[in-house]
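File shown: query.cif (mmCIF, C-alpha atoms).
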```cif
data_entry
loop_
_atom_site.group_PDB
_atom_site.id
_atom_site.type_symbol
_atom_site.label_atom_id
_atom_site.label_comp_id
_atom_site.auth_asym_id
_atom_site.auth_seq_id
_atom_site.Cartn_x
_atom_site.Cartn_y
_atom_site.Cartn_z
ATOM 1 C CA MET A 1 -67.549 -12.934 44.829
ATOM 2 C CA SER A 2 -67.367 -9.188 44.259
ATOM 3 C CA LEU A 3 -67.594 -7.826 40.729
ATOM 4 C CA SER A 4 -65.213 -4.895 40.883
ATOM 5 C CA PHE A 5 -64.039 -2.931 37.878
ATOM 6 C CA THR A 6 -61.519 -0.713 39.640
ATOM 7 C CA ASP A 7 -58.933 0.573 37.139
ATOM 8 C CA ARG A 8 -60.564 -1.295 34.248
ATOM 9 C CA VAL A 9 -61.124 0.621 31.004
ATOM 10 C CA ALA A 10 -64.418 0.040 29.211
ATOM 11 C CA ILE A 11 -65.978 1.181 25.956
ATOM 12 C CA VAL A 12 -69.762 1.026 25.715
ATOM 13 C CA THR A 13 -71.333 1.797 22.337
ATOM 14 C CA GLY A 14 -74.814 3.180 21.969
ATOM 15 C CA ALA A 15 -74.512 4.405 25.549
ATOM 16 C CA GLY A 16 -76.311 7.732 25.282
ATOM 17 C CA GLY A 17 -79.567 6.279 26.573
ATOM 18 C CA GLY A 18 -81.477 3.124 27.454
ATOM 19 C CA LEU A 19 -79.472 -0.025 28.041
ATOM 20 C CA GLY A 20 -76.158 1.476 27.000
ATOM 21 C CA ARG A 21 -76.509 4.319 29.481
ATOM 22 C CA ALA A 22 -77.385 1.849 32.234
ATOM 23 C CA HIS A 23 -74.356 -0.256 31.313
ATOM 24 C CA ALA A 24 -72.006 2.725 31.331
ATOM 25 C CA LEU A 25 -73.286 4.064 34.653
ATOM 26 C CA ALA A 26 -73.028 0.651 36.316
ATOM 27 C CA LEU A 27 -69.477 0.013 35.113
ATOM 28 C CA ALA A 28 -68.410 3.473 36.262
ATOM 29 C CA ALA A 29 -70.114 3.036 39.647
ATOM 30 C CA ARG A 30 -68.000 -0.075 40.191
ATOM 31 C CA GLY A 31 -64.747 1.673 39.349
ATOM 32 C CA ALA A 32 -64.324 1.429 35.575
ATOM 33 C CA LYS A 33 -63.123 4.282 33.415
ATOM 34 C CA VAL A 34 -65.741 4.439 30.683
ATOM 35 C CA LEU A 35 -65.667 5.775 27.162
ATOM 36 C CA VAL A 36 -69.309 6.521 26.380
ATOM 37 C CA ASN A 37 -69.978 6.207 22.666
ATOM 38 C CA ASP A 38 -73.202 7.311 21.027
ATOM 39 C CA LEU A 39 -73.892 8.663 17.553
ATOM 40 C CA GLY A 40 -76.790 10.637 18.990
ATOM 41 C CA GLY A 41 -79.156 9.686 16.188
ATOM 42 C CA SER A 42 -82.771 8.559 16.256
ATOM 43 C CA ARG A 43 -83.633 4.923 16.864
ATOM 44 C CA ASP A 44 -83.776 4.332 13.098
ATOM 45 C CA GLY A 45 -80.240 5.680 12.725
ATOM 46 C CA VAL A 46 -80.998 9.158 11.396
ATOM 47 C CA GLY A 47 -79.079 12.228 12.551
ATOM 48 C CA GLY A 48 -76.310 12.609 15.078
ATOM 49 C CA SER A 49 -75.218 14.660 18.089
ATOM 50 C CA THR A 50 -72.589 14.584 20.820
ATOM 51 C CA SER A 51 -75.094 15.636 23.471
ATOM 52 C CA ALA A 52 -76.390 12.155 24.349
ATOM 53 C CA ALA A 53 -72.951 10.724 25.126
ATOM 54 C CA GLN A 54 -71.836 13.868 26.935
ATOM 55 C CA ALA A 55 -74.903 13.831 29.185
ATOM 56 C CA VAL A 56 -74.001 10.335 30.397
ATOM 57 C CA VAL A 57 -70.375 11.366 30.876
ATOM 58 C CA ASP A 58 -71.552 14.302 32.960
ATOM 59 C CA GLU A 59 -73.588 11.912 35.138
ATOM 60 C CA ILE A 60 -70.573 9.677 35.685
ATOM 61 C CA ILE A 61 -68.246 12.554 36.523
ATOM 62 C CA ALA A 62 -70.812 14.093 38.876
ATOM 63 C CA ALA A 63 -70.888 10.778 40.744
ATOM 64 C CA GLY A 64 -67.111 10.812 41.099
ATOM 65 C CA GLY A 65 -66.229 8.559 38.166
ATOM 66 C CA GLN A 66 -64.068 8.940 35.081
ATOM 67 C CA ALA A 67 -65.556 9.050 31.593
ATOM 68 C CA LEU A 68 -65.083 10.393 28.095
ATOM 69 C CA ALA A 69 -67.640 11.068 25.370
ATOM 70 C CA ASN A 70 -67.394 9.908 21.777
ATOM 71 C CA SER A 71 -69.909 10.284 18.948
ATOM 72 C CA ALA A 72 -68.374 8.023 16.295
ATOM 73 C CA SER A 73 -70.652 5.948 14.113
ATOM 74 C CA VAL A 74 -69.790 2.292 14.606
ATOM 75 C CA THR A 75 -70.286 1.842 10.855
ATOM 76 C CA ASP A 76 -67.154 3.950 10.222
ATOM 77 C CA PHE A 77 -64.069 1.850 10.929
ATOM 78 C CA ASP A 78 -61.689 4.817 10.809
ATOM 79 C CA ALA A 79 -63.822 6.661 13.365
ATOM 80 C CA VAL A 80 -63.993 3.539 15.538
ATOM 81 C CA GLN A 81 -60.212 3.190 15.467
ATOM 82 C CA ALA A 82 -59.926 6.842 16.518
ATOM 83 C CA MET A 83 -62.416 6.142 19.346
ATOM 84 C CA VAL A 84 -60.290 3.281 20.648
ATOM 85 C CA ALA A 85 -57.168 5.452 20.327
ATOM 86 C CA GLN A 86 -58.966 8.106 22.409
ATOM 87 C CA ALA A 87 -59.468 5.604 25.231
ATOM 88 C CA VAL A 88 -55.900 4.300 24.998
ATOM 89 C CA GLU A 89 -54.443 7.825 24.992
ATOM 90 C CA ALA A 90 -56.419 8.729 28.101
ATOM 91 C CA TRP A 91 -56.141 5.490 30.070
ATOM 92 C CA GLY A 92 -53.511 3.299 28.431
ATOM 93 C CA ARG A 93 -55.594 0.329 27.347
ATOM 94 C CA VAL A 94 -59.054 -1.149 26.777
ATOM 95 C CA ASP A 95 -60.144 -4.067 28.958
ATOM 96 C CA ILE A 96 -63.867 -4.228 28.205
ATOM 97 C CA LEU A 97 -65.965 -3.659 25.101
ATOM 98 C CA VAL A 98 -69.753 -3.698 25.270
ATOM 99 C CA ASN A 99 -71.128 -3.732 21.722
ATOM 100 C CA ASN A 100 -74.541 -2.222 22.383
ATOM 101 C CA ALA A 101 -75.134 0.219 19.506
ATOM 102 C CA GLY A 102 -78.083 -0.573 17.301
ATOM 103 C CA ILE A 103 -81.040 0.717 15.318
ATOM 104 C CA LEU A 104 -84.483 -0.542 14.328
ATOM 105 C CA ARG A 105 -86.164 -0.388 10.938
ATOM 106 C CA ASP A 106 -89.040 -2.791 11.436
ATOM 107 C CA LYS A 107 -91.345 -3.935 8.641
ATOM 108 C CA SER A 108 -92.581 -7.249 7.369
ATOM 109 C CA PHE A 109 -90.098 -8.786 4.948
ATOM 110 C CA ALA A 110 -92.511 -8.287 2.048
ATOM 111 C CA LYS A 111 -92.606 -4.532 2.676
ATOM 112 C CA MET A 112 -88.996 -4.009 3.781
ATOM 113 C CA ALA A 113 -86.642 -2.053 1.526
ATOM 114 C CA ILE A 114 -83.295 -3.708 0.883
ATOM 115 C CA ASP A 115 -81.550 -0.544 2.090
ATOM 116 C CA ASP A 116 -83.303 -0.877 5.458
ATOM 117 C CA PHE A 117 -82.171 -4.488 5.727
ATOM 118 C CA ARG A 118 -78.610 -3.586 4.796
ATOM 119 C CA LEU A 119 -78.340 -0.625 7.200
ATOM 120 C CA VAL A 120 -79.529 -2.657 10.190
ATOM 121 C CA MET A 121 -76.999 -5.363 9.331
ATOM 122 C CA ASP A 122 -74.297 -2.723 8.926
ATOM 123 C CA VAL A 123 -74.922 -1.053 12.287
ATOM 124 C CA HIS A 124 -75.370 -4.194 14.373
ATOM 125 C CA VAL A 125 -73.000 -6.651 12.702
ATOM 126 C CA MET A 126 -70.297 -4.557 11.067
ATOM 127 C CA GLY A 127 -70.504 -2.078 13.941
ATOM 128 C CA ALA A 128 -69.612 -4.848 16.369
ATOM 129 C CA VAL A 129 -66.961 -6.158 13.983
ATOM 130 C CA HIS A 130 -65.360 -2.716 13.674
ATOM 131 C CA CYS A 131 -65.241 -2.143 17.420
ATOM 132 C CA THR A 132 -64.024 -5.648 18.191
ATOM 133 C CA LYS A 133 -61.369 -5.522 15.472
ATOM 134 C CA ALA A 134 -60.094 -2.209 16.857
ATOM 135 C CA VAL A 135 -59.664 -3.507 20.422
ATOM 136 C CA TRP A 136 -58.572 -7.056 19.528
ATOM 137 C CA PRO A 137 -54.810 -6.387 19.176
ATOM 138 C CA ILE A 138 -54.790 -4.413 22.438
ATOM 139 C CA MET A 139 -56.484 -7.234 24.317
ATOM 140 C CA ASN A 140 -54.237 -9.858 22.736
ATOM 141 C CA GLU A 141 -51.118 -7.925 23.671
ATOM 142 C CA ARG A 142 -52.265 -7.497 27.270
ATOM 143 C CA LYS A 143 -53.621 -11.067 27.418
ATOM 144 C CA TYR A 144 -56.911 -9.881 28.858
ATOM 145 C CA GLY A 145 -60.217 -8.806 27.401
ATOM 146 C CA ARG A 146 -63.946 -9.007 27.930
ATOM 147 C CA ILE A 147 -66.255 -8.465 24.961
ATOM 148 C CA VAL A 148 -70.035 -8.441 25.188
ATOM 149 C CA MET A 149 -72.107 -8.733 22.009
ATOM 150 C CA THR A 150 -75.742 -7.656 22.277
ATOM 151 C CA THR A 151 -77.934 -10.277 20.656
ATOM 152 C CA SER A 152 -81.716 -10.569 20.975
ATOM 153 C CA SER A 153 -84.558 -13.022 21.352
ATOM 154 C CA SER A 154 -85.618 -11.753 17.919
ATOM 155 C CA GLY A 155 -82.467 -13.320 16.516
ATOM 156 C CA LEU A 156 -82.482 -16.418 18.683
ATOM 157 C CA TYR A 157 -86.171 -17.211 18.219
ATOM 158 C CA GLY A 158 -87.636 -14.823 15.629
ATOM 159 C CA ASN A 159 -90.115 -11.951 15.771
ATOM 160 C CA PHE A 160 -92.590 -10.768 13.157
ATOM 161 C CA GLY A 161 -91.435 -7.652 11.332
ATOM 162 C CA GLN A 162 -87.803 -7.966 12.384
ATOM 163 C CA SER A 163 -86.130 -10.086 9.731
ATOM 164 C CA ASN A 164 -83.293 -7.570 9.376
ATOM 165 C CA TYR A 165 -82.824 -7.093 13.116
ATOM 166 C CA GLY A 166 -83.167 -10.819 13.819
ATOM 167 C CA ALA A 167 -80.642 -11.749 11.133
ATOM 168 C CA ALA A 168 -78.187 -9.193 12.510
ATOM 169 C CA LYS A 169 -78.602 -10.329 16.094
ATOM 170 C CA MET A 170 -78.110 -14.007 15.237
ATOM 171 C CA ALA A 171 -75.031 -13.083 13.207
ATOM 172 C CA LEU A 172 -73.521 -11.677 16.400
ATOM 173 C CA VAL A 173 -73.962 -15.074 18.046
ATOM 174 C CA GLY A 174 -71.971 -16.636 15.222
ATOM 175 C CA LEU A 175 -69.282 -13.981 15.613
ATOM 176 C CA MET A 176 -69.131 -14.661 19.342
ATOM 177 C CA GLN A 177 -68.853 -18.421 18.852
ATOM 178 C CA THR A 178 -65.652 -18.152 16.833
ATOM 179 C CA LEU A 179 -64.052 -15.185 18.611
ATOM 180 C CA SER A 180 -64.512 -16.913 21.968
ATOM 181 C CA ILE A 181 -62.461 -19.809 20.630
ATOM 182 C CA GLU A 182 -59.781 -17.629 19.026
ATOM 183 C CA GLY A 183 -59.442 -15.338 22.050
ATOM 184 C CA ALA A 184 -59.353 -18.010 24.754
ATOM 185 C CA LYS A 185 -55.572 -18.485 24.696
ATOM 186 C CA ASN A 186 -55.094 -14.832 25.686
ATOM 187 C CA ASP A 187 -57.956 -14.708 28.207
ATOM 188 C CA ILE A 188 -60.214 -12.746 25.889
ATOM 189 C CA ARG A 189 -63.689 -13.930 26.814
ATOM 190 C CA VAL A 190 -66.469 -13.194 24.347
ATOM 191 C CA ASN A 191 -70.124 -13.594 25.259
ATOM 192 C CA CYS A 192 -73.576 -12.529 24.120
ATOM 193 C CA LEU A 193 -76.260 -10.730 26.083
ATOM 194 C CA ALA A 194 -79.898 -11.054 25.004
ATOM 195 C CA PRO A 195 -81.732 -8.286 26.892
ATOM 196 C CA THR A 196 -85.432 -7.620 27.307
ATOM 197 C CA ALA A 197 -85.781 -4.008 28.364
ATOM 198 C CA ALA A 198 -87.953 -0.950 27.995
ATOM 199 C CA THR A 199 -85.985 1.552 25.937
ATOM 200 C CA ARG A 200 -86.767 3.823 23.011
ATOM 201 C CA MET A 201 -86.074 0.765 20.832
ATOM 202 C CA THR A 202 -89.016 -1.079 22.390
ATOM 203 C CA GLU A 203 -91.326 1.609 23.774
ATOM 204 C CA ASP A 204 -93.835 1.219 20.941
ATOM 205 C CA LEU A 205 -93.833 -2.571 21.081
ATOM 206 C CA MET A 206 -95.047 -3.276 24.626
ATOM 207 C CA PRO A 207 -97.969 -2.213 26.860
ATOM 208 C CA PRO A 208 -97.264 0.220 29.751
ATOM 209 C CA ALA A 209 -97.470 -2.391 32.522
ATOM 210 C CA VAL A 210 -94.896 -4.557 30.808
ATOM 211 C CA LEU A 211 -92.632 -1.610 30.077
ATOM 212 C CA ALA A 212 -92.708 -0.688 33.772
ATOM 213 C CA ALA A 213 -91.423 -4.162 34.701
ATOM 214 C CA LEU A 214 -88.650 -4.082 32.138
ATOM 215 C CA LYS A 215 -86.289 -1.435 33.464
ATOM 216 C CA PRO A 216 -82.942 -1.373 31.616
ATOM 217 C CA GLU A 217 -81.207 -1.574 34.995
ATOM 218 C CA ALA A 218 -82.648 -5.073 35.479
ATOM 219 C CA VAL A 219 -80.500 -6.325 32.596
ATOM 220 C CA VAL A 220 -77.288 -4.771 33.894
ATOM 221 C CA PRO A 221 -76.281 -7.560 36.342
ATOM 222 C CA ALA A 222 -75.887 -9.963 33.412
ATOM 223 C CA MET A 223 -73.718 -7.465 31.525
ATOM 224 C CA LEU A 224 -71.562 -6.906 34.622
ATOM 225 C CA LEU A 225 -70.961 -10.637 34.935
ATOM 226 C CA LEU A 226 -70.050 -10.998 31.258
ATOM 227 C CA ALA A 227 -67.714 -7.985 31.458
ATOM 228 C CA SER A 228 -66.054 -9.040 34.699
ATOM 229 C CA GLU A 229 -62.871 -10.868 35.572
ATOM 230 C CA HIS A 230 -65.092 -13.833 36.493
ATOM 231 C CA ALA A 231 -66.900 -13.919 33.144
ATOM 232 C CA PRO A 232 -67.769 -17.203 31.472
ATOM 233 C CA ASN A 233 -66.761 -17.680 27.839
ATOM 234 C CA ARG A 234 -68.947 -18.444 24.817
ATOM 235 C CA THR A 235 -72.212 -17.898 26.656
ATOM 236 C CA ILE A 236 -75.566 -16.495 25.567
ATOM 237 C CA ALA A 237 -76.962 -14.849 28.685
ATOM 238 C CA CYS A 238 -80.588 -13.711 28.604
ATOM 239 C CA ALA A 239 -81.918 -11.100 31.005
ATOM 240 C CA GLY A 240 -85.053 -9.088 31.644
ATOM 241 C CA ALA A 241 -87.164 -7.862 34.574
ATOM 242 C CA GLY A 242 -84.646 -9.323 37.028
ATOM 243 C CA THR A 243 -84.858 -12.821 35.524
ATOM 244 C CA PHE A 244 -81.791 -14.456 34.021
ATOM 245 C CA GLU A 245 -81.532 -17.417 31.633
ATOM 246 C CA ALA A 246 -78.966 -19.027 29.360
ATOM 247 C CA ALA A 247 -79.662 -19.925 25.728
ATOM 248 C CA HIS A 248 -77.844 -22.729 23.919
ATOM 249 C CA ILE A 249 -77.408 -23.873 20.342
ATOM 250 C CA THR A 250 -77.606 -27.632 20.612
ATOM 251 C CA LEU A 251 -77.056 -30.707 18.463
ATOM 252 C CA THR A 252 -79.210 -33.817 18.677
ATOM 253 C CA PRO A 253 -77.550 -37.273 18.539
ATOM 254 C CA GLY A 254 -79.091 -37.749 15.114
ATOM 255 C CA LEU A 255 -79.542 -40.894 13.057
ATOM 256 C CA HIS A 256 -77.318 -42.449 10.400
ATOM 257 C CA LEU A 257 -79.317 -43.324 7.281
ATOM 258 C CA GLY A 258 -76.578 -43.688 4.693
ATOM 259 C CA LEU A 259 -77.003 -42.629 1.091
ATOM 260 C CA THR A 260 -79.355 -44.570 -1.147
ATOM 261 C CA ASP A 261 -81.981 -43.581 -3.680
ATOM 262 C CA ASP A 262 -84.662 -43.613 -1.004
ATOM 263 C CA THR A 263 -82.710 -41.751 1.700
ATOM 264 C CA PRO A 264 -84.888 -38.620 1.271
ATOM 265 C CA GLU A 265 -88.022 -40.670 1.902
ATOM 266 C CA ARG A 266 -86.482 -42.513 4.846
ATOM 267 C CA LEU A 267 -85.324 -39.194 6.306
ATOM 268 C CA ALA A 268 -88.835 -37.794 6.035
ATOM 269 C CA ALA A 269 -90.211 -40.863 7.798
ATOM 270 C CA ALA A 270 -87.542 -40.715 10.517
ATOM 271 C CA TRP A 271 -87.513 -36.959 11.106
ATOM 272 C CA ALA A 272 -89.076 -37.241 14.559
ATOM 273 C CA GLN A 273 -86.201 -39.490 15.623
ATOM 274 C CA VAL A 274 -83.573 -37.257 13.996
ATOM 275 C CA SER A 275 -84.906 -34.214 15.848
ATOM 276 C CA ASP A 276 -85.440 -35.995 19.178
ATOM 277 C CA ARG A 277 -83.659 -33.828 21.770
ATOM 278 C CA ASP A 278 -82.954 -36.642 24.206
ATOM 279 C CA GLY A 279 -79.171 -36.751 24.568
ATOM 280 C CA GLU A 280 -78.541 -33.478 22.745
ATOM 281 C CA ILE A 281 -75.236 -31.670 23.360
ATOM 282 C CA VAL A 282 -73.880 -28.140 23.246
ATOM 283 C CA PRO A 283 -70.919 -28.548 20.876
ATOM 284 C CA ALA A 284 -67.565 -27.110 21.908
ATOM 285 C CA SER A 285 -66.995 -26.019 18.300
ATOM 286 C CA GLY A 286 -68.388 -26.486 14.820
ATOM 287 C CA ALA A 287 -66.217 -29.590 14.389
ATOM 288 C CA ALA A 288 -68.582 -31.509 16.662
ATOM 289 C CA GLN A 289 -71.206 -31.811 13.934
ATOM 290 C CA GLY A 290 -68.811 -33.377 11.446
ATOM 291 C CA SER A 291 -67.314 -35.640 14.098
ATOM 292 C CA ASN A 292 -70.756 -36.924 15.018
ATOM 293 C CA GLU A 293 -71.710 -37.522 11.393
ATOM 294 C CA VAL A 294 -68.489 -39.277 10.392
ATOM 295 C CA GLY A 295 -68.428 -41.291 13.611
ATOM 296 C CA LYS A 296 -71.884 -42.670 12.960
ATOM 297 C CA ALA A 297 -71.024 -43.394 9.348
ATOM 298 C CA LEU A 298 -67.867 -45.303 10.289
ATOM 299 C CA ALA A 299 -69.728 -47.215 12.995
ATOM 300 C CA ALA A 300 -72.399 -48.217 10.483
ATOM 301 C CA ALA A 301 -69.754 -49.301 7.952
ATOM 302 C CA GLY A 302 -67.957 -51.392 10.575
#
```

Write out the structure in this file as structure tokens.
Amino acid sequence: MSLSFTDRVAIVTGAGGGLGRAHALALAARGAKVLVNDLGGSRDGVGGSTSAAQAVVDEIIAAGGQALANSASVTDFDAVQAMVAQAVEAWGRVDILVNNAGILRDKSFAKMAIDDFRLVMDVHVMGAVHCTKAVWPIMNERKYGRIVMTTSSSGLYGNFGQSNYGAAKMALVGLMQTLSIEGAKNDIRVNCLAPTAATRMTEDLMPPAVLAALKPEAVVPAMLLLASEHAPNRTIACAGAGTFEAAHITLTPGLHLGLTDDTPERLAAAWAQVSDRDGEIVPASGAAQGSNEVGKALAAAG
């Protein structure tokens, strides 16, 4: 199976450096026409410049590819719509969206300012919403689309000092879960990528030996799969240092206890059985939880 992107049109946000740059270069090297978006700000979201995006565009063009630069903030829906229009005007459509833009404002929750929490949510969550909303009608009309949300182990599993970032990254999983269902009829496949990579976002968080092992390029194969014609749908792909995993949100079989005055006490006593993962499933949709609960209740009543 060859993952070719010849004649595909891709938008990669936050692509002026780090993972986004690696994503953009890899897509272009395999034939995609790439709109390279980057605000050009610092990793905490301050400032802005067109130079970061243009530098990556210059790399792509020098290698024989096609690319355009864009410095829109993903928090500005009007600017995002203009960005998508820029790609459509140049190349006629958008086939691939890699929502990679993000910032960090790490502090323990006790010390974190509400504005820092809100801005991280705005960039990661609403940024992805804005970009996805702008390309959604194009992909629906063409009955083809590949959208990659960038989640994180900090969202999936938690990380001290990153309550804002973790909340934002887990929110993107929830967005992916529903959009993958809504887009399926028109072959719009929506997935999440949880990368572990050495970038300016993580350079202060890891020792040098670990950073050396975590090249951004080692994450790229997972992105290429999720952005390709052969992409799965509704997947959380994890990648780092050349290792690839899949994360799942599962549901245990559970236990029907009914509703009596002592149900809270019986639940406390039975919690080990309720949380026993033997026989757990990965639900096809949120309806699975209710179906399981009602099914057990009806079986108990019968």

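Remark: for Val219 (chain A), the closest of the candidate residues A:Ala241, A:Leu298, A:Val9, A:Leu97 is A:Ala241 (distances computed over only C-alpha atoms).
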
*Between A:Lys215, A:Arg105, A:Lys133, A:Arg30, which is the closest to Ala168 (chain A) once you count all atoms listed in the file?*
A:Arg105

*For Lys296 (chain A), please output as a ChimeraX atom specification all residues within 8 Å (counting all atoms listed in the file; exclusion window: fewer than 3 positions along the same chain).*
/A:255-256,292-293,299-300

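Put simply, CA of Val34 (chain A) is 22.3 Å away from CA of Val125 (chain A).
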
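Ranking A:Asp278, A:Asp187, A:Asp116, A:Asp7 by their shortest atom-to-atom distance to Leu27 (chain A), with only C-alpha atoms included, puts A:Asp7 first.
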
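Nearest to Met1 (chain A) of all the residues A:Ser228, A:Asn140, A:Ser71, A:Gln273 is A:Ser228, based on only C-alpha atoms.
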
*Once the PyMOL selection byres ((chain A and resi 119) around 10) has been applied to the shown file, what residues remain in the selection, as an NGL selection string?*
:A and (44-45 or 75 or 103-105 or 114-118 or 120-126 or 164-165)

_Could you list, as a ChimeraX atom specification, every residue within 9 Å of region 141-147 of chain A, counting only C-alpha atoms and ignoring same-chain residues fewer than 4 positions away?_
/A:93-99,132,135-137,176,183,185-192,226-229,231

*the PyMOL selection byres ((chain A and resi 38) around 9) on the file shown: which residues, as a ChimeraX atom specification?*
/A:12-17,20,36-37,39-41,48-54,69-74,101

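For the choices A:Ala134, A:Ser291, A:Leu211, A:Ser163, the atom-to-atom distance to Ser108 (chain A) is smallest for A:Ser163 when using only C-alpha atoms.
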
*Which residues, protein or nucleic acid, reach to within 12 Å of (-83.4, -1.8, 24.8) in the file's coordinates when using all atoms listed in the file, and can you give that as JSON, numbers by chain?*
{"A": [14, 15, 16, 17, 18, 19, 20, 21, 22, 23, 43, 100, 101, 102, 103, 104, 150, 151, 152, 153, 193, 194, 195, 196, 197, 198, 199, 200, 201, 202, 203, 204, 205, 206, 211, 214, 215, 216, 217, 218, 219, 220, 239, 240]}

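Checking A:Leu156, A:Ile11, A:Ile138, A:Ala67 one by one against Ile236 (chain A), counting all atoms listed in the file, you find the shortest gap at A:Leu156.
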
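Counting from CA of His130 (chain A), the distance to CA of Ala55 (chain A) is 24.6 Å.
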
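The interatomic distance for the pair CA of Ile60 (chain A) and CA of Leu35 (chain A) works out to 10.6 Å.
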
*Give as a count of residues only every residue, naming chains and numbers as the document does, that has an atom within 6 Å of (-60.0, 0.8, 36.3), counting all atoms listed in the file.*
8
